[in-house]
Structure formats: C-alpha cells, structure tokens
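The file data_3.cif comes next; it holds mmCIF, C-alpha atoms.
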data_start
loop_
_atom_site.group_PDB
_atom_site.id
_atom_site.type_symbol
_atom_site.label_atom_id
_atom_site.label_comp_id
_atom_site.auth_asym_id
_atom_site.auth_seq_id
_atom_site.Cartn_x
_atom_site.Cartn_y
_atom_site.Cartn_z
ATOM 1 C CA MET A 7 91.478 -16.081 -101.967
ATOM 2 C CA GLU A 8 95.135 -16.542 -102.759
ATOM 3 C CA GLU A 9 94.181 -17.413 -106.331
ATOM 4 C CA VAL A 10 92.570 -13.979 -106.672
ATOM 5 C CA ARG A 11 95.748 -12.280 -105.457
ATOM 6 C CA THR A 12 98.148 -14.378 -107.518
ATOM 7 C CA THR A 13 96.210 -14.198 -110.779
ATOM 8 C CA ALA A 14 95.648 -10.451 -110.355
ATOM 9 C CA ALA A 15 99.407 -10.008 -109.843
ATOM 10 C CA TRP A 16 100.062 -12.151 -112.928
ATOM 11 C CA VAL A 17 97.868 -9.860 -115.031
ATOM 12 C CA ALA A 18 99.427 -6.710 -113.554
ATOM 13 C CA SER A 19 102.922 -7.923 -114.467
ATOM 14 C CA ARG A 20 101.901 -8.338 -118.119
ATOM 15 C CA ALA A 21 99.358 -5.551 -118.578
ATOM 16 C CA THR A 22 99.734 -3.133 -121.479
ATOM 17 C CA HIS A 23 96.582 -1.027 -121.077
ATOM 18 C CA VAL A 24 96.806 -0.387 -117.318
ATOM 19 C CA LYS A 25 99.894 0.180 -115.199
ATOM 20 C CA VAL A 26 100.213 0.259 -111.415
ATOM 21 C CA ASP A 27 102.418 3.168 -110.326
ATOM 22 C CA PRO A 28 104.385 2.186 -107.172
ATOM 23 C CA LEU A 29 105.501 5.775 -106.495
ATOM 24 C CA GLU A 30 101.913 6.988 -106.433
ATOM 25 C CA ILE A 31 100.985 4.115 -104.118
ATOM 26 C CA GLU A 32 103.694 5.366 -101.727
ATOM 27 C CA ASN A 33 102.359 8.912 -102.057
ATOM 28 C CA VAL A 34 98.809 7.849 -101.211
ATOM 29 C CA VAL A 35 99.975 5.805 -98.227
ATOM 30 C CA ASN A 36 102.118 8.708 -96.974
ATOM 31 C CA SER A 37 99.258 11.167 -97.425
ATOM 32 C CA ILE A 38 97.076 9.172 -95.041
ATOM 33 C CA GLN A 39 100.025 8.285 -92.784
ATOM 34 C CA GLY A 40 99.072 4.638 -93.028
ATOM 35 C CA LEU A 41 95.700 5.343 -91.440
ATOM 36 C CA VAL A 42 92.893 4.271 -93.746
ATOM 37 C CA PRO A 43 89.859 6.481 -93.019
ATOM 38 C CA LYS A 44 87.241 4.384 -91.254
ATOM 39 C CA VAL A 45 83.939 4.057 -93.078
ATOM 40 C CA GLU A 46 80.990 2.292 -91.458
ATOM 41 C CA TRP A 47 79.547 -0.570 -93.483
ATOM 42 C CA ASP A 48 76.117 1.101 -93.703
ATOM 43 C CA PHE A 49 77.442 4.647 -93.930
ATOM 44 C CA GLU A 50 74.503 5.689 -96.112
ATOM 45 C CA GLY A 51 71.832 4.086 -93.893
ATOM 46 C CA ILE A 52 70.223 2.264 -96.808
ATOM 47 C CA HIS A 53 70.464 -1.392 -95.766
ATOM 48 C CA TYR A 54 68.078 -3.734 -94.005
ATOM 49 C CA PHE A 55 69.300 -5.063 -90.666
ATOM 50 C CA ASP A 56 67.423 -6.991 -87.988
ATOM 51 C CA ASP A 57 70.387 -8.845 -86.427
ATOM 52 C CA GLY A 58 69.041 -12.192 -87.616
ATOM 53 C CA PRO A 59 68.847 -14.639 -90.540
ATOM 54 C CA LEU A 60 66.590 -12.360 -92.569
ATOM 55 C CA THR A 61 69.464 -9.891 -92.812
ATOM 56 C CA VAL A 62 71.676 -12.615 -94.290
ATOM 57 C CA GLN A 63 68.927 -13.466 -96.793
ATOM 58 C CA TYR A 64 68.654 -9.789 -97.718
ATOM 59 C CA LEU A 65 72.408 -9.469 -98.231
ATOM 60 C CA PHE A 66 72.644 -12.577 -100.393
ATOM 61 C CA VAL A 67 69.793 -11.482 -102.645
ATOM 62 C CA LEU A 68 71.234 -7.965 -102.794
ATOM 63 C CA ASP A 69 74.659 -9.259 -103.807
ATOM 64 C CA ALA A 70 73.166 -11.669 -106.327
ATOM 65 C CA ILE A 71 71.758 -8.762 -108.373
ATOM 66 C CA ASN A 72 74.280 -6.064 -107.435
ATOM 67 C CA PHE A 73 75.749 -5.256 -110.844
ATOM 68 C CA CYS A 74 75.671 -2.954 -113.845
ATOM 69 C CA PHE A 75 73.701 0.173 -112.955
ATOM 70 C CA TRP A 76 75.306 2.645 -115.352
ATOM 71 C CA PRO A 77 73.135 2.016 -118.458
ATOM 72 C CA ASP A 78 70.357 3.808 -116.552
ATOM 73 C CA GLN A 79 71.842 7.153 -115.549
ATOM 74 C CA GLU A 80 69.454 7.593 -112.625
ATOM 75 C CA LEU A 81 69.865 4.116 -111.148
ATOM 76 C CA SER A 82 72.403 3.394 -108.395
ATOM 77 C CA TYR A 83 73.277 0.745 -105.840
ATOM 78 C CA ASP A 84 71.337 2.788 -103.278
ATOM 79 C CA HIS A 85 68.081 2.200 -105.146
ATOM 80 C CA LEU A 86 68.666 -1.546 -105.107
ATOM 81 C CA ALA A 87 69.682 -1.759 -101.438
ATOM 82 C CA HIS A 88 66.942 0.557 -100.196
ATOM 83 C CA GLY A 89 64.335 -0.983 -102.496
ATOM 84 C CA LEU A 90 64.932 -4.483 -101.119
ATOM 85 C CA LYS A 91 64.950 -3.064 -97.587
ATOM 86 C CA SER A 92 61.558 -1.409 -98.136
ATOM 87 C CA ALA A 93 60.167 -4.601 -99.661
ATOM 88 C CA LEU A 94 61.164 -6.587 -96.565
ATOM 89 C CA GLN A 95 59.742 -3.974 -94.232
ATOM 90 C CA LYS A 96 56.397 -4.391 -96.001
ATOM 91 C CA ASP A 97 56.558 -8.176 -96.365
ATOM 92 C CA LYS A 98 59.018 -10.327 -94.409
ATOM 93 C CA CYS A 99 58.500 -13.161 -96.900
ATOM 94 C CA ALA A 100 59.411 -11.092 -99.973
ATOM 95 C CA LEU A 101 62.814 -12.788 -100.297
ATOM 96 C CA ASP A 102 61.822 -16.325 -99.372
ATOM 97 C CA ALA A 103 63.430 -18.960 -101.587
ATOM 98 C CA ASP A 104 60.177 -20.006 -103.246
ATOM 99 C CA ARG A 105 59.257 -16.387 -103.986
ATOM 100 C CA LEU A 106 62.681 -15.742 -105.515
ATOM 101 C CA GLN A 107 62.080 -18.560 -108.006
ATOM 102 C CA SER A 108 58.868 -17.010 -109.296
ATOM 103 C CA TYR A 109 59.690 -13.330 -109.772
ATOM 104 C CA THR A 110 59.324 -11.777 -113.214
ATOM 105 C CA GLY A 111 61.041 -8.641 -114.471
ATOM 106 C CA PRO A 112 58.022 -6.370 -113.910
ATOM 107 C CA GLN A 113 57.555 -7.843 -110.434
ATOM 108 C CA LEU A 114 61.199 -7.117 -109.593
ATOM 109 C CA HIS A 115 61.126 -3.460 -110.498
ATOM 110 C CA GLU A 116 57.770 -3.190 -108.724
ATOM 111 C CA LEU A 117 59.376 -4.813 -105.668
ATOM 112 C CA LEU A 118 62.179 -2.235 -105.836
ATOM 113 C CA ASN A 119 59.722 0.584 -106.516
ATOM 114 C CA TRP A 120 61.642 1.351 -109.692
ATOM 115 C CA PRO A 121 59.546 2.920 -112.487
ATOM 116 C CA ARG A 122 61.018 1.072 -115.502
ATOM 117 C CA PRO A 123 62.954 -2.061 -116.500
ATOM 118 C CA LEU A 124 66.373 -2.502 -114.912
ATOM 119 C CA PRO A 125 69.572 -2.870 -116.946
ATOM 120 C CA LEU A 126 70.183 -6.568 -117.672
ATOM 121 C CA GLU A 127 66.841 -7.295 -116.067
ATOM 122 C CA GLU A 128 66.541 -10.779 -117.557
ATOM 123 C CA GLU A 129 69.916 -11.689 -116.065
ATOM 124 C CA ARG A 130 68.875 -10.377 -112.654
ATOM 125 C CA ILE A 131 65.726 -12.491 -112.797
ATOM 126 C CA ARG A 132 67.730 -15.546 -113.866
ATOM 127 C CA LEU A 133 70.042 -15.083 -110.888
ATOM 128 C CA LEU A 134 67.159 -14.614 -108.445
ATOM 129 C CA HIS A 135 65.695 -17.898 -109.685
ATOM 130 C CA GLU A 136 69.100 -19.582 -109.358
ATOM 131 C CA VAL A 137 69.550 -18.330 -105.800
ATOM 132 C CA GLY A 138 66.053 -19.369 -104.728
ATOM 133 C CA LEU A 139 66.343 -22.848 -106.252
ATOM 134 C CA GLU A 140 69.777 -23.650 -104.824
ATOM 135 C CA LEU A 141 68.996 -22.245 -101.385
ATOM 136 C CA GLU A 142 65.882 -24.415 -101.285
ATOM 137 C CA ARG A 143 67.687 -27.474 -102.631
ATOM 138 C CA ASN A 144 70.763 -27.443 -100.379
ATOM 139 C CA PHE A 145 70.390 -24.889 -97.592
ATOM 140 C CA GLY A 146 66.839 -25.180 -96.294
ATOM 141 C CA GLY A 147 65.883 -22.060 -98.216
ATOM 142 C CA GLU A 148 68.047 -19.808 -96.039
ATOM 143 C CA ALA A 149 71.275 -17.986 -96.856
ATOM 144 C CA ALA A 150 71.977 -18.077 -93.117
ATOM 145 C CA ASN A 151 72.526 -21.830 -93.465
ATOM 146 C CA LEU A 152 74.992 -21.156 -96.282
ATOM 147 C CA VAL A 153 76.952 -18.896 -93.925
ATOM 148 C CA LYS A 154 76.807 -21.466 -91.131
ATOM 149 C CA ALA A 155 78.199 -24.108 -93.499
ATOM 150 C CA SER A 156 81.330 -22.014 -93.955
ATOM 151 C CA GLY A 157 82.562 -22.788 -90.439
ATOM 152 C CA LYS A 158 83.236 -19.104 -89.728
ATOM 153 C CA SER A 159 85.639 -18.878 -92.653
ATOM 154 C CA ALA A 160 85.196 -16.080 -95.205
ATOM 155 C CA ALA A 161 87.315 -18.012 -97.699
ATOM 156 C CA ASN A 162 85.162 -21.119 -97.250
ATOM 157 C CA LEU A 163 82.047 -19.008 -97.730
ATOM 158 C CA VAL A 164 83.352 -17.655 -101.040
ATOM 159 C CA THR A 165 84.153 -21.234 -102.114
ATOM 160 C CA LEU A 166 80.668 -22.429 -101.182
ATOM 161 C CA VAL A 167 79.003 -19.545 -103.000
ATOM 162 C CA THR A 168 80.978 -20.055 -106.202
ATOM 163 C CA ARG A 169 80.525 -23.830 -106.040
ATOM 164 C CA HIS A 170 76.745 -23.756 -105.617
ATOM 165 C CA PHE A 171 75.761 -20.577 -107.482
ATOM 166 C CA PRO A 172 77.151 -20.313 -111.034
ATOM 167 C CA GLY A 173 76.110 -16.665 -111.298
ATOM 168 C CA PHE A 174 78.848 -15.786 -108.789
ATOM 169 C CA ARG A 175 81.681 -17.455 -110.759
ATOM 170 C CA ASP A 176 83.565 -14.326 -111.703
ATOM 171 C CA HIS A 177 86.315 -15.871 -113.875
ATOM 172 C CA SER A 178 88.082 -14.542 -116.963
ATOM 173 C CA VAL A 179 90.735 -15.773 -119.382
ATOM 174 C CA TYR A 180 93.692 -13.481 -120.027
ATOM 175 C CA LYS A 181 96.534 -14.371 -122.395
ATOM 176 C CA GLY A 182 95.599 -18.041 -122.066
ATOM 177 C CA HIS A 183 95.451 -18.040 -118.240
ATOM 178 C CA GLN A 184 92.382 -18.264 -116.021
ATOM 179 C CA ILE A 185 91.947 -15.221 -113.806
ATOM 180 C CA PHE A 186 89.840 -15.224 -110.646
ATOM 181 C CA LEU A 187 88.197 -12.004 -109.471
ATOM 182 C CA TYR A 188 85.148 -13.123 -107.429
ATOM 183 C CA LYS A 189 83.737 -9.658 -106.787
ATOM 184 C CA ARG A 190 80.182 -10.521 -105.719
ATOM 185 C CA ALA A 191 81.069 -13.717 -103.835
ATOM 186 C CA GLN A 192 83.659 -11.854 -101.782
ATOM 187 C CA ILE A 193 81.439 -8.864 -101.187
ATOM 188 C CA PHE A 194 78.778 -11.148 -99.730
ATOM 189 C CA ALA A 195 81.246 -12.379 -97.100
ATOM 190 C CA ALA A 196 82.335 -8.787 -96.467
ATOM 191 C CA ASP A 197 78.746 -7.545 -96.220
ATOM 192 C CA VAL A 198 77.860 -10.194 -93.651
ATOM 193 C CA TRP A 199 81.003 -9.352 -91.685
ATOM 194 C CA GLY A 200 80.299 -5.627 -91.890
ATOM 195 C CA ALA A 201 76.579 -5.791 -91.123
ATOM 196 C CA PHE A 202 77.070 -7.953 -88.036
ATOM 197 C CA LYS A 203 80.273 -6.125 -87.027
ATOM 198 C CA GLY A 204 82.301 -9.322 -87.016
ATOM 199 C CA GLN A 205 79.964 -11.058 -84.566
ATOM 200 C CA GLY A 206 77.328 -13.787 -84.866
ATOM 201 C CA TYR A 207 76.765 -14.571 -88.531
ATOM 202 C CA GLY A 208 79.547 -12.107 -89.339
ATOM 203 C CA GLU A 209 82.253 -13.796 -87.289
ATOM 204 C CA PHE A 210 85.000 -14.920 -89.695
ATOM 205 C CA TYR A 211 88.423 -15.827 -88.361
ATOM 206 C CA ASP A 212 90.005 -15.142 -91.759
ATOM 207 C CA ILE A 213 88.299 -11.958 -92.943
ATOM 208 C CA LYS A 214 91.773 -10.706 -93.877
ATOM 209 C CA SER A 215 91.811 -13.266 -96.699
ATOM 210 C CA ILE A 216 89.230 -11.258 -98.656
ATOM 211 C CA THR A 217 90.577 -8.930 -101.355
ATOM 212 C CA ILE A 218 88.964 -5.719 -102.519
ATOM 213 C CA PHE A 219 86.022 -5.940 -104.894
ATOM 214 C CA ALA A 220 86.983 -5.130 -108.464
ATOM 215 C CA ASP A 221 84.112 -3.064 -109.843
ATOM 216 C CA TYR A 222 83.925 0.092 -111.950
ATOM 217 C CA ILE A 223 84.105 2.637 -109.094
ATOM 218 C CA VAL A 224 87.331 1.654 -107.308
ATOM 219 C CA PRO A 225 89.466 1.660 -110.499
ATOM 220 C CA ALA A 226 88.179 5.161 -111.251
ATOM 221 C CA VAL A 227 89.230 6.346 -107.786
ATOM 222 C CA LEU A 228 92.678 4.755 -108.141
ATOM 223 C CA ARG A 229 93.069 6.436 -111.506
ATOM 224 C CA GLN A 230 92.148 9.798 -109.957
ATOM 225 C CA LEU A 231 94.764 9.187 -107.240
ATOM 226 C CA GLY A 232 97.369 8.423 -109.911
ATOM 227 C CA VAL A 233 97.822 4.840 -108.731
ATOM 228 C CA LEU A 234 96.499 3.417 -112.001
ATOM 229 C CA LYS A 235 97.749 4.766 -115.315
ATOM 230 C CA TYR A 236 95.709 4.038 -118.443
ATOM 231 C CA SER A 237 96.957 3.826 -122.006
ATOM 232 C CA SER A 238 95.837 6.631 -124.309
ATOM 233 C CA SER A 239 93.323 4.354 -126.047
ATOM 234 C CA LEU A 240 91.828 3.129 -122.765
ATOM 235 C CA SER A 241 91.738 6.676 -121.375
ATOM 236 C CA SER A 242 89.813 7.749 -124.463
ATOM 237 C CA SER A 243 87.335 4.873 -124.114
ATOM 238 C CA VAL A 244 86.697 5.656 -120.447
ATOM 239 C CA ASP A 245 86.459 9.414 -120.861
ATOM 240 C CA THR A 246 84.148 9.237 -123.885
ATOM 241 C CA LYS A 247 81.948 6.616 -122.180
ATOM 242 C CA ALA A 248 82.602 4.057 -124.904
ATOM 243 C CA GLU A 249 81.626 0.525 -123.950
ATOM 244 C CA ILE A 250 84.502 -1.843 -123.152
ATOM 245 C CA CYS A 251 83.733 -5.482 -123.907
ATOM 246 C CA SER A 252 83.369 -7.924 -121.048
ATOM 247 C CA GLY A 253 86.339 -10.296 -121.007
ATOM 248 C CA SER A 254 88.532 -8.010 -123.107
ATOM 249 C CA GLU A 255 92.162 -7.467 -122.121
ATOM 250 C CA GLU A 256 91.360 -3.874 -121.185
ATOM 251 C CA GLU A 257 88.568 -4.870 -118.831
ATOM 252 C CA ILE A 258 90.496 -7.688 -117.161
ATOM 253 C CA GLU A 259 93.527 -5.435 -116.672
ATOM 254 C CA LEU A 260 91.375 -2.717 -115.106
ATOM 255 C CA ARG A 261 89.978 -5.094 -112.536
ATOM 256 C CA ALA A 262 93.098 -7.185 -111.853
ATOM 257 C CA CYS A 263 95.377 -4.152 -111.548
ATOM 258 C CA THR A 264 92.889 -2.629 -109.113
ATOM 259 C CA ILE A 265 93.182 -5.671 -106.848
ATOM 260 C CA HIS A 266 96.970 -5.781 -107.185
ATOM 261 C CA ALA A 267 97.395 -2.061 -106.498
ATOM 262 C CA VAL A 268 95.422 -2.207 -103.265
ATOM 263 C CA GLU A 269 97.328 -5.310 -102.146
ATOM 264 C CA LYS A 270 100.537 -3.332 -102.671
ATOM 265 C CA MET A 271 99.060 -0.444 -100.723
ATOM 266 C CA ARG A 272 98.305 -2.777 -97.823
ATOM 267 C CA ASP A 273 101.839 -4.197 -97.936
ATOM 268 C CA ILE A 274 103.378 -0.721 -97.698
ATOM 269 C CA ILE A 275 101.085 0.280 -94.830
ATOM 270 C CA GLN A 276 102.213 -2.872 -93.028
ATOM 271 C CA SER A 277 105.948 -2.479 -93.704
ATOM 272 C CA LYS A 278 106.215 1.291 -93.287
ATOM 273 C CA PHE A 279 103.723 1.999 -90.517
ATOM 274 C CA GLY A 280 103.385 -1.426 -88.874
ATOM 275 C CA LYS A 281 99.609 -1.444 -89.302
ATOM 276 C CA GLN A 282 97.491 -4.311 -90.576
ATOM 277 C CA VAL A 283 94.643 -3.050 -92.723
ATOM 278 C CA LEU A 284 91.892 -5.242 -94.121
ATOM 279 C CA SER A 285 91.137 -5.130 -97.833
ATOM 280 C CA VAL A 286 87.496 -4.766 -96.806
ATOM 281 C CA GLU A 287 88.373 -1.519 -95.019
ATOM 282 C CA MET A 288 90.379 -0.318 -98.014
ATOM 283 C CA ASP A 289 87.481 -1.055 -100.319
ATOM 284 C CA LEU A 290 84.930 0.764 -98.144
ATOM 285 C CA TRP A 291 87.153 3.842 -98.060
ATOM 286 C CA LEU A 292 87.847 3.888 -101.807
ATOM 287 C CA TRP A 293 84.286 2.992 -102.814
ATOM 288 C CA SER A 294 82.726 5.626 -100.545
ATOM 289 C CA ARG A 295 85.112 8.192 -102.004
ATOM 290 C CA GLY A 296 83.996 7.200 -105.489
ATOM 291 C CA VAL A 297 80.250 7.260 -104.915
ATOM 292 C CA GLN A 298 80.530 10.724 -103.418
ATOM 293 C CA ASN A 299 81.977 11.943 -106.713
ATOM 294 C CA SER A 300 79.316 11.093 -109.284
ATOM 295 C CA ALA A 301 81.225 12.937 -112.014
ATOM 296 C CA LEU A 302 84.221 10.590 -111.774
ATOM 297 C CA PRO A 303 84.609 8.859 -115.170
ATOM 298 C CA HIS A 304 84.501 5.062 -114.976
ATOM 299 C CA HIS A 305 84.769 2.277 -117.517
ATOM 300 C CA ARG A 306 81.549 0.878 -118.926
ATOM 301 C CA THR A 307 81.172 -2.852 -119.354
ATOM 302 C CA LEU A 308 77.951 -4.839 -119.514
ATOM 303 C CA SER A 309 78.554 -7.588 -116.979
ATOM 304 C CA ILE A 310 76.689 -9.583 -114.366
ATOM 305 C CA TYR A 311 79.789 -9.694 -112.162
ATOM 306 C CA TYR A 312 79.915 -6.043 -111.034
#
Before anything else, please render the file you have as structure tokens.
Amino acid sequence: MEEVRTTAAWVASRATHVKVDPLEIENVVNSIQGLVPKVEWDFEGIHYFDDGPLTVQYLFVLDAINFCFWPDQELSYDHLAHGLKSALQKDKCALDADRLQSYTGPQLHELLNWPRPLPLEEERIRLLHEVGLELERNFGGEAANLVKASGKSAANLVTLVTRHFPGFRDHSVYKGHQIFLYKRAQIFAADVWGAFKGQGYGEFYDIKSITIFADYIVPAVLRQLGVLKYSSSLSSSVDTKAEICSGSEEEIELRACTIHAVEKMRDIIQSKFGKQVLSVEMDLWLWSRGVQNSALPHHRTLSIYY
C-alpha cells in the first residue's frame, strides 16, 4: 500500500484545486486529544454475518458493487448492504459464483428489493459476472479462498484482488504519473478485518498498511473540518452539484489529498500523543460522521471505483 501513500502525497504536493491545511489537521487532532472516536464496523446493523465463509462471499460481492449511489437521491450504501443480507437470509446460494455470472439488471434490483434500475446498473452486472467467473476459475468459487491465499496479509489481499479482478483496479493518471487509490480493494480487506474483529478470516498481521478509502463522503467531511480547502471553481462545482469528470485533475486531487491528509493526521497523533491509530479506524470515524449528515455537499463523479 506504500504506492497508494506515495502517489497520493505526490498529487497533494502539486495540487491546484485542493489544498491540505496542516494547521487545521493539528486543530482536529487537538480537538480529539489524539483519541479517534471508536466506531464499530457494523455500527448501523445492516450487514450479514455468520462467522463463516459465506460472510466473506457477502463482503466481496458487496464491495464489488459498492459505488456511485448519488444519481438516485433515495439510494444509499445501506440499501445495498441490507439488500444483499436479506437475499442471503432467504437463499444461502444467492451469491454463489455460478449465480453471480448469470444475474441480469432486473434480477439484481429484485435481489436487493430495490424498485427501479440502479445507477450504473450495467457496470454492476458486469462486475458481478467478473467476480463470479474469476472466483470459479481460480478460487473454487469462494472469496474465502481468496482471503486464505493472502497469507494473513491485508496488503497481499489487495494485490490479489487487483491482479485477478480488473474491476477493482482503481488507477488514475495525473500530470503524466500513475496514481494508485485502490478504494474498493482496500475496503474489502478492511471489511473482512472489521467483520471478524481481526480474528479468523479477518486476521491480518499488517492491517496498518491499509490507507483510508477515498470516496465522496470522507473528502466532504474533511472539507467541513477545514482540513481540505477547495479552489473557488471546485467549491462551486461541489456546492451546485455539478458533475466532475472521472479522471479529471479535480477528482484525482480530491481523492489523493483525502488520503494524504489522513496520513498526516495519523502521523501527528503518533508524534504528539504517542498513539498508533489505524487508517481503517480513521475512515470509520470520518465516514460515519459523514453519513449522519446527509446534507453535507459532496463531489459528484460517475465512477465504478467509489
């Protein structure tokens, strides 16, 4: 995950649309006295969990299609997570690899008990097919085998996911340099760790290697805290809900500066208060803060990566 950190820092040092404010980072850290509020992984009680391989399958499918809800104002991550949970409670085979390869768009929103087509529905179906095919081809149809192949390394798991599943390859090019963000691949490792509380399938000796997950909620929270400062043109785009193109400098800066800012926050907590905080814990705190404020303006980009 060092390539995520280093390329995010490279963008932050050259960004013109987004700036990381070190004084505001200090202020935030001081306000919490270096103690990041603890948030349980399933703080909303919406996820499936049976302490076994089916939970890993659920999490992988969930993270494969966990992106871009905002075009439908009523749709949220909760609907996706709870919908898949309900589907499994009715039919334990609903997320089997062969079933994943055959789903259609209408069948997916029926599975989720959602009354209309999902945003980027064709892309979600394509990714379900990709996940089902590759799990069947190389991992005996089970995401649990993918996790086992990582050797209890979160970093190895992210590498395996991005190597085998193209839909998780969250790369961008910024000013001629390749930038690695890996939101959904990293969040899968974090979800497994969080769901199993660092035990069993969730035991990773290097969970600290994971960065936060650059989406559209965490940047909005960091902006509200004053940690991220937007240019006047970007502020206008965000506040007027104008779409920002995927792969644009503005979008890459938003996501990379988010990662870099939280890394700096962690460094200050370590140096000033002598506490080691996981990026996963930082992300849970910031994300939960964001979802509890539905009026918080966020950037709008059509993307399969977040």
Just how far from CA of Leu139 in chain A is CA of Tyr188 in chain A, in Å to one decimal?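 So the answer is 21.2 Å.
Atom pair CA of Leu141 in chain A / CA of Glu129 in chain A: separated by 18.1 Å.
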If you count only C-alpha atoms, the residue of A:Ala262, A:Val268, A:Leu124, A:Ala70 closest to Ser82 in chain A turns out to be A:Leu124
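Every protein, DNA or RNA residue with an atom at most 9 Å from range 40-52 of chain A, where only C-alpha atoms count and chain neighbours fewer than 4 positions away do not, is listed here: A:Val34, A:Val35, A:Asn36, A:Asp84, A:His85, A:Ala87, A:His88, A:Gly89, A:Lys91, A:Asp197, A:Gly200, A:Ala201, A:Lys203, A:Arg272, A:Ile274, A:Ile275, A:Gln276, A:Lys278, A:Phe279, A:Gly280, A:Lys281, A:Val283, A:Glu287, A:Met288, A:Leu290, A:Trp291, A:Ser294.
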Worksheet item: On this structure, which residues satisfy the PyMOL selection byres ((chain A and resi 156) around 12), written as a PyMOL selection string?
Response: chain A and resi 145+149-155+157-167+195+207-212
What does the structure give for the distance between CA of Phe194 in chain A and CA of Gly253 in chain A, in Å to one decimal?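 Distance reported for this atom pair: 22.6 Å.
Of the residues under consideration (A:Pro125, A:Gly206, A:Gly173, A:Pro225), A:Pro225 shows the shortest atom-to-atom contact distance to Asp289 in chain A when counting only C-alpha atoms.
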Could you add N, CA and C atoms to range 118-133 of chain A and give me the result as a PDB file, in the frame of the given file?
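As written to disk, out-v3.pdb reads:
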ATOM      1  N   LEU A 118      61.177  -3.264-106.149  1.00  0.00           N
ATOM      2  CA  LEU A 118      62.179  -2.235-105.836  1.00  0.00           C
ATOM      3  C   LEU A 118      61.611  -0.821-105.915  1.00  0.00           C
ATOM      4  N   ASN A 119      60.354  -0.719-106.317  1.00  0.00           N
ATOM      5  CA  ASN A 119      59.722   0.584-106.516  1.00  0.00           C
ATOM      6  C   ASN A 119      60.488   1.406-107.548  1.00  0.00           C
ATOM      7  N   TRP A 120      60.924   0.706-108.606  1.00  0.00           N
ATOM      8  CA  TRP A 120      61.642   1.351-109.692  1.00  0.00           C
ATOM      9  C   TRP A 120      60.687   1.489-110.882  1.00  0.00           C
ATOM     10  N   PRO A 121      60.617   2.655-111.526  1.00  0.00           N
ATOM     11  CA  PRO A 121      59.546   2.920-112.487  1.00  0.00           C
ATOM     12  C   PRO A 121      59.693   2.290-113.870  1.00  0.00           C
ATOM     13  N   ARG A 122      60.801   1.611-114.147  1.00  0.00           N
ATOM     14  CA  ARG A 122      61.018   1.072-115.502  1.00  0.00           C
ATOM     15  C   ARG A 122      61.934  -0.153-115.422  1.00  0.00           C
ATOM     16  N   PRO A 123      62.071  -0.882-116.520  1.00  0.00           N
ATOM     17  CA  PRO A 123      62.954  -2.061-116.500  1.00  0.00           C
ATOM     18  C   PRO A 123      64.373  -1.709-116.072  1.00  0.00           C
ATOM     19  N   LEU A 124      65.000  -2.659-115.384  1.00  0.00           N
ATOM     20  CA  LEU A 124      66.373  -2.502-114.912  1.00  0.00           C
ATOM     21  C   LEU A 124      67.356  -2.915-116.007  1.00  0.00           C
ATOM     22  N   PRO A 125      68.553  -2.364-116.019  1.00  0.00           N
ATOM     23  CA  PRO A 125      69.572  -2.870-116.946  1.00  0.00           C
ATOM     24  C   PRO A 125      69.817  -4.360-116.697  1.00  0.00           C
ATOM     25  N   LEU A 126      69.963  -5.121-117.772  1.00  0.00           N
ATOM     26  CA  LEU A 126      70.183  -6.568-117.672  1.00  0.00           C
ATOM     27  C   LEU A 126      69.132  -7.238-116.784  1.00  0.00           C
ATOM     28  N   GLU A 127      67.905  -6.805-116.948  1.00  0.00           N
ATOM     29  CA  GLU A 127      66.841  -7.295-116.067  1.00  0.00           C
ATOM     30  C   GLU A 127      66.639  -8.810-116.180  1.00  0.00           C
ATOM     31  N   GLU A 128      66.713  -9.333-117.386  1.00  0.00           N
ATOM     32  CA  GLU A 128      66.541 -10.779-117.557  1.00  0.00           C
ATOM     33  C   GLU A 128      67.614 -11.555-116.814  1.00  0.00           C
ATOM     34  N   GLU A 129      68.839 -11.034-116.803  1.00  0.00           N
ATOM     35  CA  GLU A 129      69.916 -11.689-116.065  1.00  0.00           C
ATOM     36  C   GLU A 129      69.665 -11.613-114.557  1.00  0.00           C
ATOM     37  N   ARG A 130      69.180 -10.498-114.080  1.00  0.00           N
ATOM     38  CA  ARG A 130      68.875 -10.377-112.654  1.00  0.00           C
ATOM     39  C   ARG A 130      67.789 -11.373-112.240  1.00  0.00           C
ATOM     40  N   ILE A 131      66.786 -11.520-113.083  1.00  0.00           N
ATOM     41  CA  ILE A 131      65.726 -12.491-112.797  1.00  0.00           C
ATOM     42  C   ILE A 131      66.282 -13.907-112.807  1.00  0.00           C
ATOM     43  N   ARG A 132      67.123 -14.202-113.792  1.00  0.00           N
ATOM     44  CA  ARG A 132      67.730 -15.546-113.866  1.00  0.00           C
ATOM     45  C   ARG A 132      68.507 -15.846-112.588  1.00  0.00           C
ATOM     46  N   LEU A 133      69.239 -14.871-112.088  1.00  0.00           N
ATOM     47  CA  LEU A 133      70.042 -15.083-110.888  1.00  0.00           C
ATOM     48  C   LEU A 133      69.180 -15.189-109.630  1.00  0.00           C
TER      49      LEU A 133
END
